[in-house]
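J.: File name my_file.cif; file contents mmCIF, C-alpha atoms and all ligand atoms; full text below.
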data_final
loop_
_atom_site.group_PDB
_atom_site.id
_atom_site.type_symbol
_atom_site.label_atom_id
_atom_site.label_comp_id
_atom_site.auth_asym_id
_atom_site.auth_seq_id
_atom_site.Cartn_x
_atom_site.Cartn_y
_atom_site.Cartn_z
ATOM 1 C CA MET C 8 -24.713 -13.345 18.426
ATOM 2 C CA THR C 9 -21.536 -11.250 18.004
ATOM 3 C CA ASP C 10 -20.583 -10.206 14.490
ATOM 4 C CA GLN C 11 -17.829 -12.065 12.709
ATOM 5 C CA ILE C 12 -14.368 -10.514 12.821
ATOM 6 C CA THR C 13 -12.751 -9.266 9.608
ATOM 7 C CA ILE C 14 -9.046 -8.419 9.520
ATOM 8 C CA TYR C 15 -7.965 -5.979 6.813
ATOM 9 C CA GLY C 16 -4.334 -6.447 5.840
ATOM 10 C CA SER C 17 -2.079 -8.606 3.734
ATOM 11 C CA PRO C 18 -0.600 -11.599 5.617
ATOM 12 C CA VAL C 19 2.777 -10.670 4.094
ATOM 13 C CA SER C 20 2.830 -8.114 6.950
ATOM 14 C CA PRO C 21 4.126 -9.560 10.254
ATOM 15 C CA TYR C 22 1.674 -7.338 12.172
ATOM 16 C CA VAL C 23 -1.203 -8.916 10.266
ATOM 17 C CA ARG C 24 0.148 -12.454 10.776
ATOM 18 C CA LYS C 25 0.506 -11.710 14.506
ATOM 19 C CA VAL C 26 -3.223 -10.916 14.714
ATOM 20 C CA LEU C 27 -4.260 -13.857 12.497
ATOM 21 C CA ALA C 28 -2.124 -16.238 14.600
ATOM 22 C CA ILE C 29 -3.775 -14.953 17.807
ATOM 23 C CA LEU C 30 -7.259 -15.484 16.328
ATOM 24 C CA ASP C 31 -6.246 -18.996 15.257
ATOM 25 C CA MET C 32 -4.776 -19.793 18.705
ATOM 26 C CA LYS C 33 -7.951 -18.591 20.370
ATOM 27 C CA ASN C 34 -10.089 -20.497 17.884
ATOM 28 C CA VAL C 35 -12.029 -17.379 16.855
ATOM 29 C CA PRO C 36 -13.586 -17.513 13.357
ATOM 30 C CA PHE C 37 -12.464 -14.652 11.102
ATOM 31 C CA ARG C 38 -12.175 -13.455 7.536
ATOM 32 C CA CYS C 39 -9.078 -11.761 6.130
ATOM 33 C CA VAL C 40 -9.173 -9.109 3.381
ATOM 34 C CA PRO C 41 -5.550 -8.835 2.165
ATOM 35 C CA VAL C 42 -5.289 -5.050 1.801
ATOM 36 C CA VAL C 43 -1.846 -3.722 0.780
ATOM 37 C CA PRO C 44 -1.427 -0.298 2.453
ATOM 38 C CA PHE C 45 0.547 1.277 -0.401
ATOM 39 C CA THR C 46 -2.155 0.565 -2.959
ATOM 40 C CA ALA C 47 -5.285 0.760 -0.737
ATOM 41 C CA GLY C 48 -8.089 3.050 -1.918
ATOM 42 C CA GLU C 49 -8.831 6.446 -0.329
ATOM 43 C CA ASP C 50 -11.586 4.920 1.829
ATOM 44 C CA PHE C 51 -9.059 2.861 3.776
ATOM 45 C CA VAL C 52 -8.038 5.945 5.757
ATOM 46 C CA LYS C 53 -11.530 5.989 7.306
ATOM 47 C CA ILE C 54 -10.736 2.807 9.252
ATOM 48 C CA SER C 55 -6.940 3.275 9.419
ATOM 49 C CA PRO C 56 -5.977 6.945 9.895
ATOM 50 C CA MET C 57 -2.261 6.164 9.437
ATOM 51 C CA ARG C 58 -3.035 3.943 6.390
ATOM 52 C CA ARG C 59 -1.474 0.992 8.180
ATOM 53 C CA ILE C 60 -2.418 -2.654 8.474
ATOM 54 C CA PRO C 61 -3.874 -4.552 10.305
ATOM 55 C CA VAL C 62 -7.355 -3.215 11.073
ATOM 56 C CA LEU C 63 -10.024 -5.274 12.845
ATOM 57 C CA GLN C 64 -13.693 -4.816 12.004
ATOM 58 C CA GLN C 65 -16.563 -6.395 13.929
ATOM 59 C CA GLY C 66 -19.956 -4.984 13.030
ATOM 60 C CA ASP C 67 -19.712 -1.196 13.531
ATOM 61 C CA PHE C 68 -16.568 -1.524 15.627
ATOM 62 C CA THR C 69 -13.209 -0.909 13.920
ATOM 63 C CA LEU C 70 -9.770 -0.986 15.529
ATOM 64 C CA PRO C 71 -6.336 -0.433 13.953
ATOM 65 C CA ASP C 72 -2.970 -1.508 15.386
ATOM 66 C CA SER C 73 -1.919 -5.068 16.139
ATOM 67 C CA THR C 74 -1.222 -4.351 19.828
ATOM 68 C CA ALA C 75 -4.611 -2.708 20.434
ATOM 69 C CA ILE C 76 -6.206 -5.651 18.597
ATOM 70 C CA ALA C 77 -4.226 -8.201 20.654
ATOM 71 C CA HIS C 78 -5.500 -6.578 23.885
ATOM 72 C CA TYR C 79 -9.078 -6.531 22.587
ATOM 73 C CA LEU C 80 -8.892 -10.220 21.662
ATOM 74 C CA GLU C 81 -7.330 -11.131 25.019
ATOM 75 C CA GLU C 82 -10.201 -9.407 26.845
ATOM 76 C CA THR C 83 -13.003 -10.750 24.666
ATOM 77 C CA CYS C 84 -11.603 -14.291 24.171
ATOM 78 C CA PRO C 85 -9.314 -14.928 27.160
ATOM 79 C CA GLU C 86 -8.426 -18.586 26.424
ATOM 80 C CA PRO C 87 -5.681 -19.514 25.809
ATOM 81 C CA ALA C 88 -3.978 -16.441 27.286
ATOM 82 C CA ILE C 89 -1.399 -14.661 25.127
ATOM 83 C CA TYR C 90 -0.250 -12.386 27.987
ATOM 84 C CA PRO C 91 1.028 -14.049 31.218
ATOM 85 C CA GLY C 92 -1.021 -13.949 34.431
ATOM 86 C CA ASP C 93 1.664 -12.392 36.658
ATOM 87 C CA ALA C 94 2.507 -8.677 36.598
ATOM 88 C CA GLN C 95 6.224 -9.059 35.844
ATOM 89 C CA GLY C 96 5.684 -11.633 33.094
ATOM 90 C CA ARG C 97 2.952 -9.467 31.556
ATOM 91 C CA ALA C 98 5.167 -6.361 31.750
ATOM 92 C CA ARG C 99 8.028 -8.246 30.089
ATOM 93 C CA VAL C 100 5.786 -9.462 27.273
ATOM 94 C CA ARG C 101 4.443 -5.926 26.710
ATOM 95 C CA TRP C 102 7.992 -4.537 26.566
ATOM 96 C CA PHE C 103 9.191 -7.129 24.037
ATOM 97 C CA GLU C 104 6.021 -6.704 21.983
ATOM 98 C CA GLU C 105 6.774 -2.957 21.821
ATOM 99 C CA TYR C 106 10.507 -3.493 21.172
ATOM 100 C CA ALA C 107 9.650 -5.812 18.276
ATOM 101 C CA ASP C 108 6.873 -3.591 16.916
ATOM 102 C CA ASP C 109 9.031 -0.445 16.954
ATOM 103 C CA HIS C 110 12.778 -1.159 16.851
ATOM 104 C CA LEU C 111 12.852 -4.557 15.139
ATOM 105 C CA GLY C 112 10.021 -3.464 12.864
ATOM 106 C CA ARG C 113 11.930 -0.379 11.720
ATOM 107 C CA ASN C 114 15.057 -2.379 10.960
ATOM 108 C CA ILE C 115 13.634 -5.637 9.650
ATOM 109 C CA LEU C 116 10.642 -4.232 7.815
ATOM 110 C CA PHE C 117 11.508 -0.744 6.682
ATOM 111 C CA ASN C 118 15.304 -0.996 6.352
ATOM 112 C CA LEU C 119 15.461 -4.566 5.069
ATOM 113 C CA PHE C 120 12.198 -6.057 3.751
ATOM 114 C CA PHE C 121 10.780 -2.829 2.334
ATOM 115 C CA GLN C 122 14.082 -1.931 0.650
ATOM 116 C CA ARG C 123 14.950 -5.370 -0.681
ATOM 117 C CA VAL C 124 11.484 -6.704 -1.545
ATOM 118 C CA VAL C 125 8.724 -4.043 -1.626
ATOM 119 C CA ARG C 126 10.646 -1.221 -3.353
ATOM 120 C CA PRO C 127 12.008 -3.249 -6.279
ATOM 121 C CA ARG C 128 9.088 -5.698 -6.706
ATOM 122 C CA VAL C 129 5.996 -3.649 -5.819
ATOM 123 C CA LEU C 130 6.986 0.015 -6.238
ATOM 124 C CA LYS C 131 9.554 -0.570 -9.039
ATOM 125 C CA GLU C 132 12.052 1.675 -7.226
ATOM 126 C CA GLU C 133 15.737 1.322 -6.369
ATOM 127 C CA PRO C 134 16.402 0.152 -2.786
ATOM 128 C CA ASP C 135 18.354 2.393 -0.391
ATOM 129 C CA GLN C 136 21.515 0.337 0.165
ATOM 130 C CA ALA C 137 22.666 2.526 3.091
ATOM 131 C CA LEU C 138 19.526 1.576 5.060
ATOM 132 C CA ILE C 139 20.023 -2.112 4.267
ATOM 133 C CA ASP C 140 23.679 -1.966 5.375
ATOM 134 C CA GLU C 141 22.799 -0.142 8.593
ATOM 135 C CA ALA C 142 20.231 -2.830 9.456
ATOM 136 C CA LEU C 143 22.440 -5.790 8.561
ATOM 137 C CA ASP C 144 25.767 -4.529 9.879
ATOM 138 C CA VAL C 145 24.804 -2.455 12.919
ATOM 139 C CA ASN C 146 21.240 -2.539 14.213
ATOM 140 C CA LEU C 147 20.277 -6.196 13.795
ATOM 141 C CA PRO C 148 23.535 -7.542 15.289
ATOM 142 C CA ALA C 149 23.056 -5.234 18.306
ATOM 143 C CA ALA C 150 19.423 -6.349 18.685
ATOM 144 C CA LEU C 151 20.433 -10.009 18.435
ATOM 145 C CA ASP C 152 23.158 -9.514 21.089
ATOM 146 C CA TYR C 153 20.462 -8.098 23.387
ATOM 147 C CA LEU C 154 17.909 -10.818 22.642
ATOM 148 C CA GLU C 155 20.564 -13.560 22.966
ATOM 149 C CA ARG C 156 20.961 -12.513 26.624
ATOM 150 C CA GLU C 157 17.277 -11.928 27.321
ATOM 151 C CA VAL C 158 15.565 -14.997 25.840
ATOM 152 C CA PRO C 159 15.565 -17.901 28.340
ATOM 153 C CA GLU C 160 17.429 -20.925 26.989
ATOM 154 C CA GLY C 161 14.930 -23.517 25.737
ATOM 155 C CA GLY C 162 11.938 -21.276 26.495
ATOM 156 C CA PHE C 163 9.917 -18.256 25.471
ATOM 157 C CA ILE C 164 10.061 -14.576 26.522
ATOM 158 C CA ALA C 165 7.972 -15.178 29.673
ATOM 159 C CA GLY C 166 6.541 -18.642 30.421
ATOM 160 C CA ASP C 167 4.329 -20.030 27.652
ATOM 161 C CA ALA C 168 4.363 -18.774 24.061
ATOM 162 C CA SER C 169 2.996 -15.214 24.162
ATOM 163 C CA VAL C 170 2.174 -12.364 21.840
ATOM 164 C CA ALA C 171 5.808 -11.142 22.117
ATOM 165 C CA ASP C 172 7.124 -14.470 20.785
ATOM 166 C CA ILE C 173 4.585 -14.382 17.961
ATOM 167 C CA MET C 174 5.575 -10.819 16.991
ATOM 168 C CA ILE C 175 9.309 -11.589 17.079
ATOM 169 C CA GLY C 176 8.829 -14.854 15.143
ATOM 170 C CA ALA C 177 6.666 -13.157 12.498
ATOM 171 C CA LEU C 178 9.173 -10.301 12.012
ATOM 172 C CA PHE C 179 12.214 -12.524 11.617
ATOM 173 C CA ARG C 180 10.307 -14.542 8.987
ATOM 174 C CA ASN C 181 10.125 -11.320 6.923
ATOM 175 C CA ALA C 182 13.892 -10.989 7.407
ATOM 176 C CA ASN C 183 14.268 -14.499 5.940
ATOM 177 C CA TRP C 184 12.079 -13.493 2.991
ATOM 178 C CA ALA C 185 14.463 -10.559 2.450
ATOM 179 C CA GLY C 186 17.409 -12.988 2.253
ATOM 180 C CA TRP C 187 18.685 -12.749 5.869
ATOM 181 C CA GLN C 188 19.629 -15.881 7.837
ATOM 182 C CA ILE C 189 20.754 -15.959 11.454
ATOM 183 C CA ASP C 190 24.408 -16.787 12.163
ATOM 184 C CA ALA C 191 23.816 -19.709 14.565
ATOM 185 C CA ALA C 192 27.473 -19.818 15.621
ATOM 186 C CA ARG C 193 27.287 -16.188 16.825
ATOM 187 C CA TRP C 194 23.745 -16.309 18.303
ATOM 188 C CA PRO C 195 23.064 -20.000 19.182
ATOM 189 C CA ASN C 196 20.334 -19.229 21.723
ATOM 190 C CA MET C 197 18.463 -16.956 19.307
ATOM 191 C CA ALA C 198 18.860 -19.428 16.435
ATOM 192 C CA ALA C 199 17.202 -22.149 18.556
ATOM 193 C CA TYR C 200 14.543 -19.675 19.783
ATOM 194 C CA LEU C 201 13.633 -18.571 16.248
ATOM 195 C CA THR C 202 13.136 -22.237 15.295
ATOM 196 C CA ARG C 203 10.995 -22.709 18.407
ATOM 197 C CA VAL C 204 8.760 -19.715 17.675
ATOM 198 C CA ALA C 205 8.459 -20.621 13.992
ATOM 199 C CA ASP C 206 7.067 -23.972 15.195
ATOM 200 C CA ILE C 207 4.212 -22.388 17.226
ATOM 201 C CA PRO C 208 1.407 -24.042 15.197
ATOM 202 C CA SER C 209 -0.779 -20.945 14.631
ATOM 203 C CA LEU C 210 2.202 -18.821 13.612
ATOM 204 C CA ALA C 211 3.552 -21.582 11.337
ATOM 205 C CA LYS C 212 0.139 -21.616 9.607
ATOM 206 C CA MET C 213 0.097 -17.842 9.077
ATOM 207 C CA ASN C 214 3.757 -17.728 7.978
ATOM 208 C CA ALA C 215 2.877 -20.328 5.324
ATOM 209 C CA LEU C 216 -0.043 -18.137 4.242
ATOM 210 C CA GLY C 217 2.220 -15.064 3.933
ATOM 211 C CA GLU C 218 4.739 -17.099 1.980
ATOM 212 C CA ALA C 219 2.036 -18.349 -0.398
ATOM 213 C CA LEU C 220 1.288 -14.720 -1.337
ATOM 214 C CA MET C 221 4.881 -13.678 -1.987
ATOM 215 C CA GLY C 222 5.583 -13.210 -5.666
ATOM 216 C CA THR C 223 1.950 -13.757 -6.714
ATOM 217 C CA ASN C 224 -0.384 -11.278 -8.426
ATOM 218 C CA PRO C 225 -2.233 -9.137 -5.822
ATOM 219 C CA ARG C 226 -5.456 -9.739 -7.785
ATOM 220 C CA GLU C 227 -5.212 -13.417 -6.740
ATOM 221 C CA HIS C 228 -4.540 -12.719 -3.055
ATOM 222 C CA GLN C 229 -8.145 -12.881 -1.815
ATOM 223 C CA THR C 230 -8.624 -16.301 -3.440
ATOM 224 C CA ILE C 231 -5.322 -17.620 -2.057
ATOM 225 C CA VAL C 232 -6.122 -16.316 1.460
ATOM 226 C CA ASP C 233 -9.662 -17.772 1.419
ATOM 227 C CA SER C 234 -8.568 -21.187 0.189
ATOM 228 C CA GLN C 235 -5.538 -21.467 2.518
ATOM 229 C CA LEU C 236 -7.565 -20.397 5.570
ATOM 230 C CA ALA C 237 -10.377 -22.803 4.690
ATOM 231 C CA ALA C 238 -7.863 -25.652 4.381
ATOM 232 C CA ALA C 239 -5.938 -24.753 7.570
HETATM 233 N N1 LIG C 301 2.340 -0.551 15.235
HETATM 234 C C1 LIG C 301 1.564 -0.977 14.113
HETATM 235 C C2 LIG C 301 2.476 -1.142 12.902
HETATM 236 C C3 LIG C 301 1.707 -1.485 11.642
HETATM 237 C C4 LIG C 301 2.538 -1.264 10.387
HETATM 238 O O1 LIG C 301 3.522 -0.510 10.389
HETATM 239 N N2 LIG C 301 2.100 -1.920 9.303
HETATM 240 C C5 LIG C 301 2.786 -1.737 8.049
HETATM 241 C C6 LIG C 301 2.724 -3.018 7.219
HETATM 242 S S1 LIG C 301 3.905 -4.194 7.700
HETATM 243 C C7 LIG C 301 2.044 -0.682 7.235
HETATM 244 O O2 LIG C 301 0.850 -0.697 7.187
HETATM 245 N N3 LIG C 301 2.817 0.207 6.617
HETATM 246 C C8 LIG C 301 2.284 1.192 5.726
HETATM 247 C C9 LIG C 301 2.790 2.557 6.023
HETATM 248 O O3 LIG C 301 3.417 2.758 7.087
HETATM 249 O O4 LIG C 301 2.567 3.418 5.185
HETATM 250 C C10 LIG C 301 0.861 -2.304 14.474
HETATM 251 O O5 LIG C 301 1.302 -2.978 15.420
HETATM 252 O O6 LIG C 301 -0.162 -2.612 13.837
#
Could you write out this file's structure as structure tokens?

T.:
Amino acid sequence: MTDQITIYGSPVSPYVRKVLAILDMKNVPFRCVPVVPFTAGEDFVKISPMRRIPVLQQGDFTLPDSTAIAHYLEETCPEPAIYPGDAQGRARVRWFEEYADDHLGRNILFNLFFQRVVRPRVLKEEPDQALIDEALDVNLPAALDYLEREVPEGGFIAGDASVADIMIGALFRNANWAGWQIDAARWPNMAAYLTRVADIPSLAKMNALGEALMGTNPREHQTIVDSQLAAA
């Protein structure tokens, strides 16, 4: 029998929710230990050299990075597929997964969510307003203009819901938690798409889990995660 999978990382992180949603979609049993990278103990670096979440552990095997984990899960539990079967569709999904992980992640997470939520609430520091303004006024509008053209009307990035849609949907939920809402008159296609991805059942479940943790005491997070996952 293969060992059970444990995911280290707080579901407030979109990268963690991406991995949890994939496990849920693929019906793989797992446990989640809601580690917060900024307050994790010194030992965490042994399984995550960049002190980032998520990290997968299965027996002696550990693997950081949501994209590496997504590939591992796709190979070990192929059904349902989260990467398309054709080369161009698969390439497109990999590109948008990377675009979301890197560019959208930098703007939505570091420039917006980290500044507006993590710095004041967790680190008790002043946010950097210049970073917030750059994200809201320049980088996110440009990214939304690009995505508005690229996302097929009424559909997903490439065929069925894929890992790219899950990553994009999870990230924009963090933007909502930081007080951002899409201007549906300016980006109607993206507004409809973000509703569509938020309705992917496994992502909806993990977004609700992340939301349940927001504003609660980190000491209660393991109990909240265990009870929400057991009920889901
Ligand atoms: N490319 C990585 C990004 C992971 C990432 O940046 N996670 C954030 C949490 S949302 C983190 O751990 N940040 C802590 C840090 O960078 O110090 C992935 O896909 O897993």

J.: Counting all atoms listed in the file, which residues in chain C sit no more than 9 Å from ligand LIG 301 (chain C)? For each one, give the nearest pair of atoms and the distance in Å, sorted by chain then residue number, as a Markdown table.

T.:
| residue | atom | partner | partner_atom | distance |
| --- | --- | --- | --- | --- |
| C:Gly16 | CA | C:LIG301 | O2 | 7.9 |
| C:Ser17 | CA | C:LIG301 | C6 | 8.2 |
| C:Pro18 | CA | C:LIG301 | S1 | 8.9 |
| C:Val19 | CA | C:LIG301 | S1 | 7.5 |
| C:Ser20 | CA | C:LIG301 | S1 | 4.1 |
| C:Pro21 | CA | C:LIG301 | S1 | 5.9 |
| C:Tyr22 | CA | C:LIG301 | O6 | 5.3 |
| C:Val23 | CA | C:LIG301 | O6 | 7.3 |
| C:Lys25 | CA | C:LIG301 | O5 | 8.8 |
| C:Val26 | CA | C:LIG301 | O6 | 8.9 |
| C:Val43 | CA | C:LIG301 | O2 | 7.6 |
| C:Pro44 | CA | C:LIG301 | C8 | 5.2 |
| C:Phe45 | CA | C:LIG301 | O4 | 6.3 |
| C:Met57 | CA | C:LIG301 | O4 | 7.0 |
| C:Arg58 | CA | C:LIG301 | O4 | 5.8 |
| C:Arg59 | CA | C:LIG301 | O2 | 3.0 |
| C:Ile60 | CA | C:LIG301 | O2 | 4.0 |
| C:Pro61 | CA | C:LIG301 | O6 | 5.5 |
| C:Val62 | CA | C:LIG301 | O6 | 7.7 |
| C:Pro71 | CA | C:LIG301 | O6 | 6.5 |
| C:Asp72 | CA | C:LIG301 | O6 | 3.4 |
| C:Ser73 | CA | C:LIG301 | O6 | 3.8 |
| C:Thr74 | CA | C:LIG301 | O5 | 5.3 |
| C:Ala75 | CA | C:LIG301 | O5 | 7.8 |
| C:Ile76 | CA | C:LIG301 | O6 | 8.3 |
| C:Glu104 | CA | C:LIG301 | O5 | 8.9 |
| C:Glu105 | CA | C:LIG301 | N1 | 8.3 |
| C:Asp108 | CA | C:LIG301 | N1 | 5.7 |
| C:Asp109 | CA | C:LIG301 | N1 | 6.9 |
| C:Gly112 | CA | C:LIG301 | O1 | 7.6 |
| C:Arg113 | CA | C:LIG301 | O1 | 8.5 |
| C:Leu116 | CA | C:LIG301 | S1 | 6.7 |
| C:Phe117 | CA | C:LIG301 | S1 | 8.4 |
| C:Phe121 | CA | C:LIG301 | S1 | 8.8 |

J.: In Å to one decimal, how far is CA of Thr230 in chain C from CA of Glu49 in chain C?

T.: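 Between these atoms lies a distance of 23.0 Å.
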
J.: Check what the PyMOL selection byres (((chain C and resi 12) around 10) and not hetatm) selects in the file above and give those residues as a PyMOL selection string.

T.: chain C and resi 9-11+13-15+30+35-39+63-66+68-69

J.: Kindly save the residues from that selection, with C-alpha atoms included, as a PDB file, keeping the file's coordinate frame.

T.:
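New file selection_17.pdb:
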ATOM      1  CA  THR C   9     -21.536 -11.250  18.004  1.00  0.00           C
ATOM      2  CA  ASP C  10     -20.583 -10.206  14.490  1.00  0.00           C
ATOM      3  CA  GLN C  11     -17.829 -12.065  12.709  1.00  0.00           C
ATOM      4  CA  THR C  13     -12.751  -9.266   9.608  1.00  0.00           C
ATOM      5  CA  ILE C  14      -9.046  -8.419   9.520  1.00  0.00           C
ATOM      6  CA  TYR C  15      -7.965  -5.979   6.813  1.00  0.00           C
ATOM      7  CA  LEU C  30      -7.259 -15.484  16.328  1.00  0.00           C
ATOM      8  CA  VAL C  35     -12.029 -17.379  16.855  1.00  0.00           C
ATOM      9  CA  PRO C  36     -13.586 -17.513  13.357  1.00  0.00           C
ATOM     10  CA  PHE C  37     -12.464 -14.652  11.102  1.00  0.00           C
ATOM     11  CA  ARG C  38     -12.175 -13.455   7.536  1.00  0.00           C
ATOM     12  CA  CYS C  39      -9.078 -11.761   6.130  1.00  0.00           C
ATOM     13  CA  LEU C  63     -10.024  -5.274  12.845  1.00  0.00           C
ATOM     14  CA  GLN C  64     -13.693  -4.816  12.004  1.00  0.00           C
ATOM     15  CA  GLN C  65     -16.563  -6.395  13.929  1.00  0.00           C
ATOM     16  CA  GLY C  66     -19.956  -4.984  13.030  1.00  0.00           C
ATOM     17  CA  PHE C  68     -16.568  -1.524  15.627  1.00  0.00           C
ATOM     18  CA  THR C  69     -13.209  -0.909  13.920  1.00  0.00           C
TER      19      THR C  69
END

J.: Between C:Val124, C:Leu119, C:Val40, C:Ala219, which one has atoms that come closest to Leu178 in chain C, using only C-alpha atoms?

T.: C:Leu119

J.: Output, as JSON, the centre and edge lengths in Å (one decimal) of the axis-aligned box that contains all listed atoms of range 201-207 of chain C with 4 Å of margin on each side.

T.:
{"center_x": 8.9, "center_y": -21.3, "center_z": 16.2, "size_x": 17.4, "size_y": 13.4, "size_z": 12.4}

J.: Hey, can you check how far CA of Gly222 in chain C sits from CA of Asn34 in chain C?

T.: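 Going from CA of Gly222 in chain C over to CA of Asn34 in chain C covers 29.2 Å.
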
J.: Counting all atoms listed in the file, which residue out of C:Leu111, C:Ile207, C:Ile173, C:Ala182 sits closest to Ala149 in chain C?

T.: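 Distance minimum relative to Ala149 in chain C lands on C:Leu111.
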
J.: Ranking C:Met213, C:Ala98, C:Ile189, C:Ala237 by minimum distance to Ala165 in chain C and counting only C-alpha atoms, which one comes first?

T.: C:Ala98

J.: Take the PyMOL selection byres (((chain C and resi 96) around 12) and not hetatm), apply it to the structure above, and return the hits as a ChimeraX atom specification.

T.: /C:89-95,97-103,163-171

J.: Keeping C-alpha atoms, export the residues of the selection given above as a short mmCIF file (atom, residue, chain, number, x, y, z; two decimals), in the frame of the given file.

T.:
data_model
loop_
_atom_site.label_atom_id
_atom_site.label_comp_id
_atom_site.auth_asym_id
_atom_site.auth_seq_id
_atom_site.Cartn_x
_atom_site.Cartn_y
_atom_site.Cartn_z
CA ILE C 89 -1.40 -14.66 25.13
CA TYR C 90 -0.25 -12.39 27.99
CA PRO C 91 1.03 -14.05 31.22
CA GLY C 92 -1.02 -13.95 34.43
CA ASP C 93 1.66 -12.39 36.66
CA ALA C 94 2.51 -8.68 36.60
CA GLN C 95 6.22 -9.06 35.84
CA ARG C 97 2.95 -9.47 31.56
CA ALA C 98 5.17 -6.36 31.75
CA ARG C 99 8.03 -8.25 30.09
CA VAL C 100 5.79 -9.46 27.27
CA ARG C 101 4.44 -5.93 26.71
CA TRP C 102 7.99 -4.54 26.57
CA PHE C 103 9.19 -7.13 24.04
CA PHE C 163 9.92 -18.26 25.47
CA ILE C 164 10.06 -14.58 26.52
CA ALA C 165 7.97 -15.18 29.67
CA GLY C 166 6.54 -18.64 30.42
CA ASP C 167 4.33 -20.03 27.65
CA ALA C 168 4.36 -18.77 24.06
CA SER C 169 3.00 -15.21 24.16
CA VAL C 170 2.17 -12.36 21.84
CA ALA C 171 5.81 -11.14 22.12
#

J.: By how many Å are CA of Ala150 in chain C and CA of Gly162 in chain C apart?

T.: 18.4 Å

J.: Within 8 Å of Gln122 in chain C, counting only C-alpha atoms, which residues qualify if same-chain residues fewer than 3 places away don't, as a list in words?

T.: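 In the requested format, the answer is Phe117, Asn118, Leu119, Val125, Arg126, Pro127, Glu133, Pro134, Asp135, Gln136, Leu138 and Ile139 of chain C.
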
J.: Quick one: of C:Leu130, C:His110, C:Cys84, C:Glu155, who's nearest to Ala192 in chain C, counting only C-alpha atoms?

T.: C:Glu155

J.: Spell out the residues picked by the PyMOL selection byres (((chain C and resi 212) around 12) and not hetatm) here, as a ChimeraX atom specification.

T.: /C:18,24-25,27-32,173,177,204-211,213-219,232,235-239

J.: Find, counting only C-alpha atoms, the residue in C:Ile54, C:Val145, C:Ala88, C:Leu201 that gets nearest to Asn114 in chain C.

T.: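 Ranked by minimum distance to Asn114 in chain C, first place goes to C:Val145.
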